[in-house]
Amino acid sequence: SLKKSDSLQQARGHSVGDRRAAFYRQNSLSQSIRKGTAQATAQAAGWFGVGEDCETKQQLWQRKSLRHCSQRYGKLKAQYREPELPISMDQGLDSPAANKMPKVGSYAFGKYSDPLTPHFVTLQPYSKTDYIEVFRHFCKCIKHKKTEMDVSKTPTMHIEKAGSQQRGRRIASQVKHFAFDKPKRQYGMGVVGKWLNRHYRLSISSQVQKQLDDFSSHRPYFTYWITFVHVVITILACATYGFAPVGFAQHSTSELVLKNKGIYESVKFIQQENFWIGPGSEDLIHLGAKFSPCIRKDSQIVSLIQKAKDQERESGCCVQNDNSGCVQTLSNDCSESLATFMKWKDEDADILRSSSSVCHQDPRTCEEPASAEPHIWPDDITHWPICTSPRKTNLTGYRHMDCNLKGRPCCIGTKGRCEITTREYCSFMHGYFHEEATLCSQIHCLDDVCGLLPFLNPDVPDQVYRLWLSLFLHAGLLHCLVSVVFQMTILRDLEKLAGWVRISIIYVLSGITGNLASALFLPYRAEVGPAGCQFGLLACLFVELIQGWQMLEKPWKAFLKLVGIVFFLFLCGLLPWIDNIAHIFGFLSGLLLSFAFLPYVTFGDFDKYRKRVLILLSLLVYLGLLSSLVVWFYIYPINWHWLEHLTCLPFTSKFCEKYDIDHVVH
């Protein structure tokens with residue numbers, strides 16, 4: 001044929017090069033045909049289940065072959081029958097209905113979870129020869145299927161097992177898709193946008209569309225990390241400190257307790273209930289809750305401590321006449337007929353002192369620190385140190401030293417109130433007992449109440465890190481569950497858009513600002529949890545909506561829906577134990593920070609410059625807000641008690657009982 005072609009081309013005046021080019025074209029065409037044939041063969045092999053991925057499609061082809069055999073050759077054996085078939089298998093191979101049997105083009109598994117129950121989607125006719133060839137080709141696969149079914153003997157059990165495995169794989173796939181897949185996050189839509197059924201406008205300019213396409217979808221690493229930390233800390237806190245009484249009111253416990261007077265007294269201990277199912281207020285403060293007296297020097301706490309010192313300065317050792325014991329108390333609390341109130345003027349002392357004596361402590365008997373020139377203990381007993389190594393003698397000759405001491409200092413409540421009492425009473429009141437001290441002025445109760453790192457100066461609280469640390473704590477299991485659900489939906493969705501750096505800045509700074517405002521206006525309430533952070537994230541949704549206002553089909557409708565959600569959450573904040581102050585200032589902070597840090601879409605050059613100015617202005621306003629709160633908190637404290645109604649409305653007389661500390665009734 002080549003020679004014939006050459007002769008024809010020579011006859012027509014073509015050159016040898018033209019003939020070679022034609023040959024190469026024919027050769028290239030034949031190669032293309034062979035390549036296409038190979039691809040078609042591979043596709044056909046894959047279609048019929050004999051390709052390289054035969055194992056993955058084995059079950060599919062087994063179902064096809066079983067169904068085809070039943071349709072063309074009559075009923076199958078009982079162990080090979082499918083539980084339900086869209087087409088009856090009662091028709092034989094030569095029946096008229098069987099000759100019209102269609103070919104399965106594709107399958108769709110609808111409500112049936114069992115993969116052995118398919119539904120036909122597209123149908124095309126098959127010939128009888130096709131069915132015979134398909135049946136012969138998959139005899140080996142059918143034999144393998146029979147071996148598997150013979151193990152179970154009961155086809156129903158095998159189907160149920162296959163269905164359960166399929167459901168298990170489906171659940172695992174959904175969890176993997178939710179946690180680790182990285183779908184594209186549409187700007188202005190997101191989780192909340194899908195909930196509220198938002199839509200873009202029909203016409204969006206190519207410039208805006210290009211910006212939307214350029215947005216990258218980030219992994220929500222910060223969401224996973226903060227959620228994991230919240231869950232672990234909550235479990236450890238509940239396991240360590242236990243659970244307070246569950247409810248909204250106050251829980252009281254009464255018991256007969258031996259106090260410092262040597263008799264049993266009926267004492268009632270009152271604590272605030274916790275409906276979040278978690279530790280009590282005292283335990284939350286010890287863990288690092290937001291609590292103003294632990295962050296700054298509080299005027300009310302200082303006045304209470306000073307008042308207690310003034311009373312202690314007038315106290316003395318009351319020794320019972322039968323030498324059964326002694327207690328440090330005021331003179332009017334010491335019985336003149338049964339006891340003696342010891343004073344320095346009644347003692348033969350080398351140093352002239354005007355104060356009263358102290359039970360079990362005397363400068364003349366203490367070796368360390370010694371009271372000698374030039375370090376003589378002052379006359380004011382509230383400045384006396386703790387005697388760390390008294391003389392180890394049974395009798396000193398001083399009545400206030402040789403008596404049986406009945407009480408030691410005990411710190412009770414969360415304001416650092418101190419009492420000289422017994423260990424039994426201190427334990428019942430959940431206080432901190434100091435065995436080594438003899439006077440309340442020798443200990444620092446507020447340092448015990450706050451816990452964590454000790455104050456640099458015992459008289460000046462400095463735990464400012466509580467504003468940040470309390471974001472990782474929760475009031476209970478229910479509180480933690482709410483945070484986890486919120487973060488795995490809203491926070492996770494926003495982090496996909498903005499990335500972990502931007503969203504973590506908004507999250508943490510909104511929470512710190514909300515806690516600072518709450519510590520300023522609600523100083524004596526122990527608050528924990530990322531309430532300000534979460535409302536800062538809600539503000540992000542508003543900012544995203546405003547920035548993409550021109551793209552949405554019904555922006556006002558979406559805005560009103562968001563307002564309704566936030567208003568509902570604000571009403572929930574009027575209940576006790578929910579901090580609305582942190583919600584409000586967290587929302588304001590999140591609004592300003594979102595304008596500064598969230599990515600945005602521009603609609604022209606003017607809009608681009610306008611939004612850049614808005615970024616700078618938002619940062620300045622936020623810094624002004626934060627600076628004002630710091631100044632009001634540390635330098636010029638303000639007491640706006642009416643703001644308490646923003647966080648709890650007194651619907652009843654006891655609905656908003658004070659979350660105060662000294663709930664002790666004798």
# chains A, B, ... in the order shown; residues from 1 in each chain; ligands from 1

$ residues_around --residues "stretch 645-647 of chain A" --least-positions-apart "5" --cutoff "6 Å" --atoms "only C-alpha atoms" --output "PyMOL selection string"
chain A and resi 573-574+579-580

$ residues_around --residues "stretch 379-391 of chain A" --least-positions-apart "5" --cutoff "6 Å" --atoms "only C-alpha atoms" --output "PDB file with C-alpha atoms, in the first residue's frame"
ATOM      1  CA  ARG A 353       3.367  47.462 127.784  1.00  0.00           C
ATOM      2  CA  THR A 365       9.437  32.985 125.771  1.00  0.00           C
ATOM      3  CA  CYS A 366      10.061  33.154 122.018  1.00  0.00           C
ATOM      4  CA  GLU A 367      13.538  32.333 120.767  1.00  0.00           C
ATOM      5  CA  GLU A 368      12.943  33.085 117.093  1.00  0.00           C
ATOM      6  CA  ALA A 437      -0.403  31.490 114.167  1.00  0.00           C
ATOM      7  CA  SER A 441      -3.118  39.900 112.002  1.00  0.00           C
TER       8      SER A 441
END

$ select_by_dssp --residues "stretch 379-600 of chain A" --states "alpha helix (DSSP H)" --output "VMD selection string"
chain A and resid 399 to 402 423 to 428 445 to 450 466 to 469 477 to 486 492 to 498 500 to 521 531 to 547 555 to 572 580 to 597

$ write_last_selection --atoms "C-alpha atoms" --output "mmCIF file, in the first residue's frame"
data_model
loop_
_atom_site.group_PDB
_atom_site.id
_atom_site.type_symbol
_atom_site.label_atom_id
_atom_site.label_comp_id
_atom_site.auth_asym_id
_atom_site.auth_seq_id
_atom_site.Cartn_x
_atom_site.Cartn_y
_atom_site.Cartn_z
ATOM 1 C CA ARG A 399 -1.082 31.803 132.919
ATOM 2 C CA HIS A 400 -1.718 32.872 129.333
ATOM 3 C CA MET A 401 1.112 30.581 128.182
ATOM 4 C CA ASP A 402 0.436 27.501 130.304
ATOM 5 C CA ARG A 423 -10.318 23.346 113.670
ATOM 6 C CA GLU A 424 -13.695 21.598 113.712
ATOM 7 C CA TYR A 425 -15.596 24.826 113.134
ATOM 8 C CA CYS A 426 -13.111 25.947 110.491
ATOM 9 C CA SER A 427 -13.537 22.706 108.551
ATOM 10 C CA PHE A 428 -17.333 22.945 108.710
ATOM 11 C CA CYS A 445 -6.538 35.450 104.496
ATOM 12 C CA LEU A 446 -7.055 36.986 101.079
ATOM 13 C CA ASP A 447 -3.908 35.279 99.847
ATOM 14 C CA ASP A 448 -5.379 31.960 101.029
ATOM 15 C CA VAL A 449 -8.726 32.655 99.380
ATOM 16 C CA CYS A 450 -7.252 33.594 96.001
ATOM 17 C CA ARG A 466 -7.110 36.107 86.185
ATOM 18 C CA LEU A 467 -8.617 38.237 83.410
ATOM 19 C CA TRP A 468 -7.029 35.808 80.942
ATOM 20 C CA LEU A 469 -6.979 32.598 82.988
ATOM 21 C CA LEU A 477 -20.265 20.460 82.982
ATOM 22 C CA LEU A 478 -23.335 22.090 81.419
ATOM 23 C CA HIS A 479 -21.482 25.372 81.023
ATOM 24 C CA CYS A 480 -18.623 23.580 79.246
ATOM 25 C CA LEU A 481 -21.055 21.763 76.948
ATOM 26 C CA VAL A 482 -22.574 25.079 75.817
ATOM 27 C CA SER A 483 -19.101 26.444 75.048
ATOM 28 C CA VAL A 484 -18.079 23.349 73.107
ATOM 29 C CA VAL A 485 -21.194 23.470 70.912
ATOM 30 C CA PHE A 486 -20.747 27.196 70.284
ATOM 31 C CA ARG A 492 -14.810 26.858 63.810
ATOM 32 C CA ASP A 493 -16.678 28.425 60.903
ATOM 33 C CA LEU A 494 -15.146 31.872 61.414
ATOM 34 C CA GLU A 495 -11.646 30.461 61.808
ATOM 35 C CA LYS A 496 -11.949 28.815 58.393
ATOM 36 C CA LEU A 497 -12.443 32.287 56.969
ATOM 37 C CA ALA A 498 -9.977 34.340 59.021
ATOM 38 C CA TRP A 500 -6.193 31.000 63.676
ATOM 39 C CA VAL A 501 -4.059 34.127 64.217
ATOM 40 C CA ARG A 502 -6.791 36.669 63.489
ATOM 41 C CA ILE A 503 -9.577 34.759 65.204
ATOM 42 C CA SER A 504 -7.484 34.036 68.317
ATOM 43 C CA ILE A 505 -6.730 37.759 68.700
ATOM 44 C CA ILE A 506 -10.432 38.612 68.512
ATOM 45 C CA TYR A 507 -11.364 35.724 70.820
ATOM 46 C CA VAL A 508 -8.847 36.445 73.593
ATOM 47 C CA LEU A 509 -9.002 40.265 73.574
ATOM 48 C CA SER A 510 -12.814 40.265 73.577
ATOM 49 C CA GLY A 511 -12.804 37.938 76.572
ATOM 50 C CA ILE A 512 -10.214 39.970 78.499
ATOM 51 C CA THR A 513 -12.084 43.218 77.876
ATOM 52 C CA GLY A 514 -15.380 41.670 78.942
ATOM 53 C CA ASN A 515 -13.798 40.272 82.124
ATOM 54 C CA LEU A 516 -12.211 43.626 82.943
ATOM 55 C CA ALA A 517 -15.568 45.391 82.634
ATOM 56 C CA SER A 518 -17.245 42.691 84.729
ATOM 57 C CA ALA A 519 -14.529 42.982 87.412
ATOM 58 C CA LEU A 520 -15.110 46.733 87.477
ATOM 59 C CA PHE A 521 -18.910 46.758 87.743
ATOM 60 C CA ALA A 531 -18.670 34.652 77.809
ATOM 61 C CA GLY A 532 -17.027 37.797 76.433
ATOM 62 C CA CYS A 533 -15.198 35.743 73.795
ATOM 63 C CA GLN A 534 -18.396 34.189 72.511
ATOM 64 C CA PHE A 535 -20.196 37.517 72.185
ATOM 65 C CA GLY A 536 -17.114 38.848 70.436
ATOM 66 C CA LEU A 537 -17.594 36.074 67.871
ATOM 67 C CA LEU A 538 -21.241 37.060 67.468
ATOM 68 C CA ALA A 539 -19.997 40.550 66.689
ATOM 69 C CA CYS A 540 -17.807 39.017 63.962
ATOM 70 C CA LEU A 541 -20.974 37.778 62.261
ATOM 71 C CA PHE A 542 -22.379 41.303 62.236
ATOM 72 C CA VAL A 543 -19.165 42.714 60.798
ATOM 73 C CA GLU A 544 -19.049 40.061 58.085
ATOM 74 C CA LEU A 545 -22.651 40.867 57.209
ATOM 75 C CA ILE A 546 -21.975 44.607 57.064
ATOM 76 C CA GLN A 547 -18.792 44.195 55.000
ATOM 77 C CA PRO A 555 -29.237 41.935 53.825
ATOM 78 C CA TRP A 556 -31.827 43.586 56.059
ATOM 79 C CA LYS A 557 -33.552 40.282 56.657
ATOM 80 C CA ALA A 558 -30.251 38.671 57.647
ATOM 81 C CA PHE A 559 -29.429 41.626 59.913
ATOM 82 C CA LEU A 560 -32.752 41.449 61.751
ATOM 83 C CA LYS A 561 -32.335 37.722 62.290
ATOM 84 C CA LEU A 562 -28.917 38.251 63.855
ATOM 85 C CA VAL A 563 -30.304 41.022 66.052
ATOM 86 C CA GLY A 564 -33.045 38.683 67.223
ATOM 87 C CA ILE A 565 -30.503 36.006 68.177
ATOM 88 C CA VAL A 566 -28.322 38.444 70.138
ATOM 89 C CA PHE A 567 -31.340 39.975 71.868
ATOM 90 C CA PHE A 568 -32.514 36.533 72.956
ATOM 91 C CA LEU A 569 -29.084 35.759 74.418
ATOM 92 C CA PHE A 570 -29.091 39.133 76.173
ATOM 93 C CA LEU A 571 -32.418 38.257 77.811
ATOM 94 C CA CYS A 572 -30.893 34.977 78.972
ATOM 95 C CA ASN A 580 -24.348 40.138 80.935
ATOM 96 C CA ILE A 581 -21.707 42.814 81.612
ATOM 97 C CA ALA A 582 -19.054 40.559 80.086
ATOM 98 C CA HIS A 583 -21.453 39.856 77.191
ATOM 99 C CA ILE A 584 -22.005 43.545 76.418
ATOM 100 C CA PHE A 585 -18.372 44.656 76.563
ATOM 101 C CA GLY A 586 -17.197 41.487 74.845
ATOM 102 C CA PHE A 587 -19.592 42.257 71.998
ATOM 103 C CA LEU A 588 -18.373 45.859 71.726
ATOM 104 C CA SER A 589 -14.751 44.733 71.730
ATOM 105 C CA GLY A 590 -15.432 42.017 69.179
ATOM 106 C CA LEU A 591 -17.196 44.530 66.942
ATOM 107 C CA LEU A 592 -14.202 46.881 66.926
ATOM 108 C CA LEU A 593 -11.611 44.121 66.599
ATOM 109 C CA SER A 594 -13.535 42.422 63.780
ATOM 110 C CA PHE A 595 -13.513 45.583 61.696
ATOM 111 C CA ALA A 596 -9.749 45.667 62.198
ATOM 112 C CA PHE A 597 -8.789 42.011 61.721
#

$ residues_around --residues "A:Ala339" --least-positions-apart "4" --cutoff "7 Å" --atoms "only C-alpha atoms" --output "PyMOL selection string"
chain A and resi 318-321+334-335

$ atom_distance --atom1 "atom CA of A:Trp640" --atom2 "atom CA of A:Leu287"
27.7 Å

$ atom_distance --atom1 "atom CA of A:Phe633" --atom2 "atom CA of A:Arg296"
8.2 Å

$ residues_around --residues "stretch 307-316 of chain A" --least-positions-apart "2" --cutoff "9 Å" --atoms "only C-alpha atoms" --output "ChimeraX atom specification"
/A:302-305,318,327-331,341-343,355-359,380-382,417-418,439-441

$ residues_around --residues "A:His251" --least-positions-apart "4" --cutoff "7 Å" --atoms "only C-alpha atoms" --output "mmCIF file with N, CA and C atoms, in the first residue's frame"
data_model
loop_
_atom_site.group_PDB
_atom_site.id
_atom_site.type_symbol
_atom_site.label_atom_id
_atom_site.label_comp_id
_atom_site.auth_asym_id
_atom_site.auth_seq_id
_atom_site.Cartn_x
_atom_site.Cartn_y
_atom_site.Cartn_z
ATOM 1 N N PRO A 245 -24.077 22.231 95.525
ATOM 2 C CA PRO A 245 -25.511 21.932 95.368
ATOM 3 C C PRO A 245 -26.062 22.558 94.098
ATOM 4 N N ILE A 270 -24.050 28.735 104.748
ATOM 5 C CA ILE A 270 -24.837 29.038 103.548
ATOM 6 C C ILE A 270 -23.893 29.200 102.366
ATOM 7 N N GLN A 271 -24.213 28.535 101.270
ATOM 8 C CA GLN A 271 -23.429 28.677 100.046
ATOM 9 C C GLN A 271 -24.361 28.795 98.850
ATOM 10 N N GLN A 272 -23.874 29.462 97.819
ATOM 11 C CA GLN A 272 -24.670 29.660 96.616
ATOM 12 C C GLN A 272 -24.723 28.382 95.799
ATOM 13 N N GLU A 273 -25.910 28.015 95.345
ATOM 14 C CA GLU A 273 -26.052 26.835 94.502
ATOM 15 C C GLU A 273 -25.554 27.127 93.087
#

$ atom_distance --atom1 "atom CA of A:Phe291" --atom2 "atom CA of A:Ala526"
5.1 Å

$ select_by_dssp --residues "stretch 394-446 of chain A" --states "strand (DSSP E)" --output "list in words"
Arg408, Pro409, Cys410, Cys411, Ile412, Arg417, Cys418, Glu419, Ile420, Thr421, Tyr432 and Phe433 of chain A

$ write_last_selection --atoms "all heavy atoms" --output "tab-separated table (two decimals), in the first residue's frame"
chain	number	residue	atom	x	y	z
A	408	ARG	N	-7.43	28.90	117.05
A	408	ARG	CA	-6.39	29.42	116.17
A	408	ARG	C	-7.06	30.22	115.05
A	408	ARG	O	-8.26	30.09	114.81
A	408	ARG	CB	-5.58	28.28	115.57
A	408	ARG	CG	-4.76	27.47	116.58
A	408	ARG	CD	-3.49	28.18	116.97
A	408	ARG	NE	-2.64	27.33	117.81
A	408	ARG	CZ	-1.45	27.69	118.25
A	408	ARG	NH1	-0.96	28.88	117.95
A	408	ARG	NH2	-0.75	26.88	119.02
A	409	PRO	N	-6.31	31.03	114.33
A	409	PRO	CA	-6.93	31.82	113.24
A	409	PRO	C	-7.47	30.93	112.13
A	409	PRO	O	-6.84	29.96	111.73
A	409	PRO	CB	-5.78	32.70	112.75
A	409	PRO	CG	-4.82	32.75	113.88
A	409	PRO	CD	-4.92	31.41	114.55
A	410	CYS	N	-8.63	31.30	111.61
A	410	CYS	CA	-9.27	30.58	110.51
A	410	CYS	C	-9.83	31.59	109.52
A	410	CYS	O	-10.56	32.51	109.91
A	410	CYS	CB	-10.39	29.68	111.03
A	410	CYS	SG	-11.36	28.87	109.72
A	411	CYS	N	-9.48	31.45	108.25
A	411	CYS	CA	-9.99	32.34	107.18
A	411	CYS	C	-11.26	31.74	106.61
A	411	CYS	O	-11.26	30.62	106.09
A	411	CYS	CB	-8.95	32.51	106.09
A	411	CYS	SG	-7.39	33.23	106.64
A	412	ILE	N	-12.36	32.51	106.67
A	412	ILE	CA	-13.68	32.02	106.26
A	412	ILE	C	-14.24	32.94	105.18
A	412	ILE	O	-14.14	34.17	105.29
A	412	ILE	CB	-14.64	31.95	107.47
A	412	ILE	CG1	-14.07	31.02	108.54
A	412	ILE	CG2	-16.03	31.50	107.04
A	412	ILE	CD1	-14.87	31.00	109.81
A	417	ARG	N	-12.41	36.93	105.71
A	417	ARG	CA	-12.79	37.17	107.10
A	417	ARG	C	-12.10	36.15	107.99
A	417	ARG	O	-12.06	34.96	107.69
A	417	ARG	CB	-14.30	37.06	107.25
A	417	ARG	CG	-14.81	37.32	108.65
A	417	ARG	CD	-16.32	37.40	108.63
A	417	ARG	NE	-16.93	36.21	108.09
A	417	ARG	CZ	-17.21	35.13	108.82
A	417	ARG	NH1	-16.93	35.11	110.11
A	417	ARG	NH2	-17.79	34.09	108.27
A	418	CYS	N	-11.56	36.63	109.12
A	418	CYS	CA	-10.77	35.78	110.00
A	418	CYS	C	-11.46	35.66	111.36
A	418	CYS	O	-12.01	36.64	111.88
A	418	CYS	CB	-9.36	36.35	110.17
A	418	CYS	SG	-8.31	35.39	111.29
A	419	GLU	N	-11.42	34.45	111.93
A	419	GLU	CA	-11.94	34.19	113.27
A	419	GLU	C	-10.94	33.34	114.03
A	419	GLU	O	-10.27	32.48	113.44
A	419	GLU	CB	-13.29	33.46	113.22
A	419	GLU	CG	-14.47	34.31	112.81
A	419	GLU	CD	-15.78	33.56	112.96
A	419	GLU	OE1	-15.85	32.68	113.85
A	419	GLU	OE2	-16.71	33.82	112.18
A	420	ILE	N	-10.87	33.56	115.36
A	420	ILE	CA	-10.12	32.67	116.23
A	420	ILE	C	-11.07	31.57	116.67
A	420	ILE	O	-11.99	31.81	117.45
A	420	ILE	CB	-9.55	33.42	117.45
A	420	ILE	CG1	-8.68	34.60	117.00
A	420	ILE	CG2	-8.77	32.48	118.35
A	420	ILE	CD1	-7.43	34.21	116.28
A	421	THR	N	-10.88	30.38	116.18
A	421	THR	CA	-11.85	29.31	116.43
A	421	THR	C	-11.16	27.96	116.37
A	421	THR	O	-9.94	27.87	116.18
A	421	THR	CB	-12.98	29.39	115.39
A	421	THR	OG1	-13.97	28.42	115.71
A	421	THR	CG2	-12.46	29.15	113.99
A	432	TYR	N	-9.77	28.07	105.99
A	432	TYR	CA	-8.34	27.75	105.97
A	432	TYR	C	-7.80	27.94	107.38
A	432	TYR	O	-7.72	29.07	107.89
A	432	TYR	CB	-7.60	28.64	104.97
A	432	TYR	CG	-8.12	28.51	103.55
A	432	TYR	CD1	-9.12	29.38	103.08
A	432	TYR	CD2	-7.65	27.53	102.69
A	432	TYR	CE1	-9.61	29.26	101.78
A	432	TYR	CE2	-8.14	27.41	101.40
A	432	TYR	CZ	-9.12	28.27	100.96
A	432	TYR	OH	-9.61	28.15	99.68
A	433	PHE	N	-7.42	26.86	108.02
A	433	PHE	CA	-6.98	26.86	109.42
A	433	PHE	C	-5.47	27.05	109.48
A	433	PHE	O	-4.72	26.42	108.73
A	433	PHE	CB	-7.39	25.55	110.09
A	433	PHE	CG	-7.26	25.56	111.57
A	433	PHE	CD1	-8.16	26.28	112.36
A	433	PHE	CD2	-6.25	24.87	112.21
A	433	PHE	CE1	-8.05	26.28	113.73
A	433	PHE	CE2	-6.13	24.86	113.58
A	433	PHE	CZ	-7.04	25.58	114.35
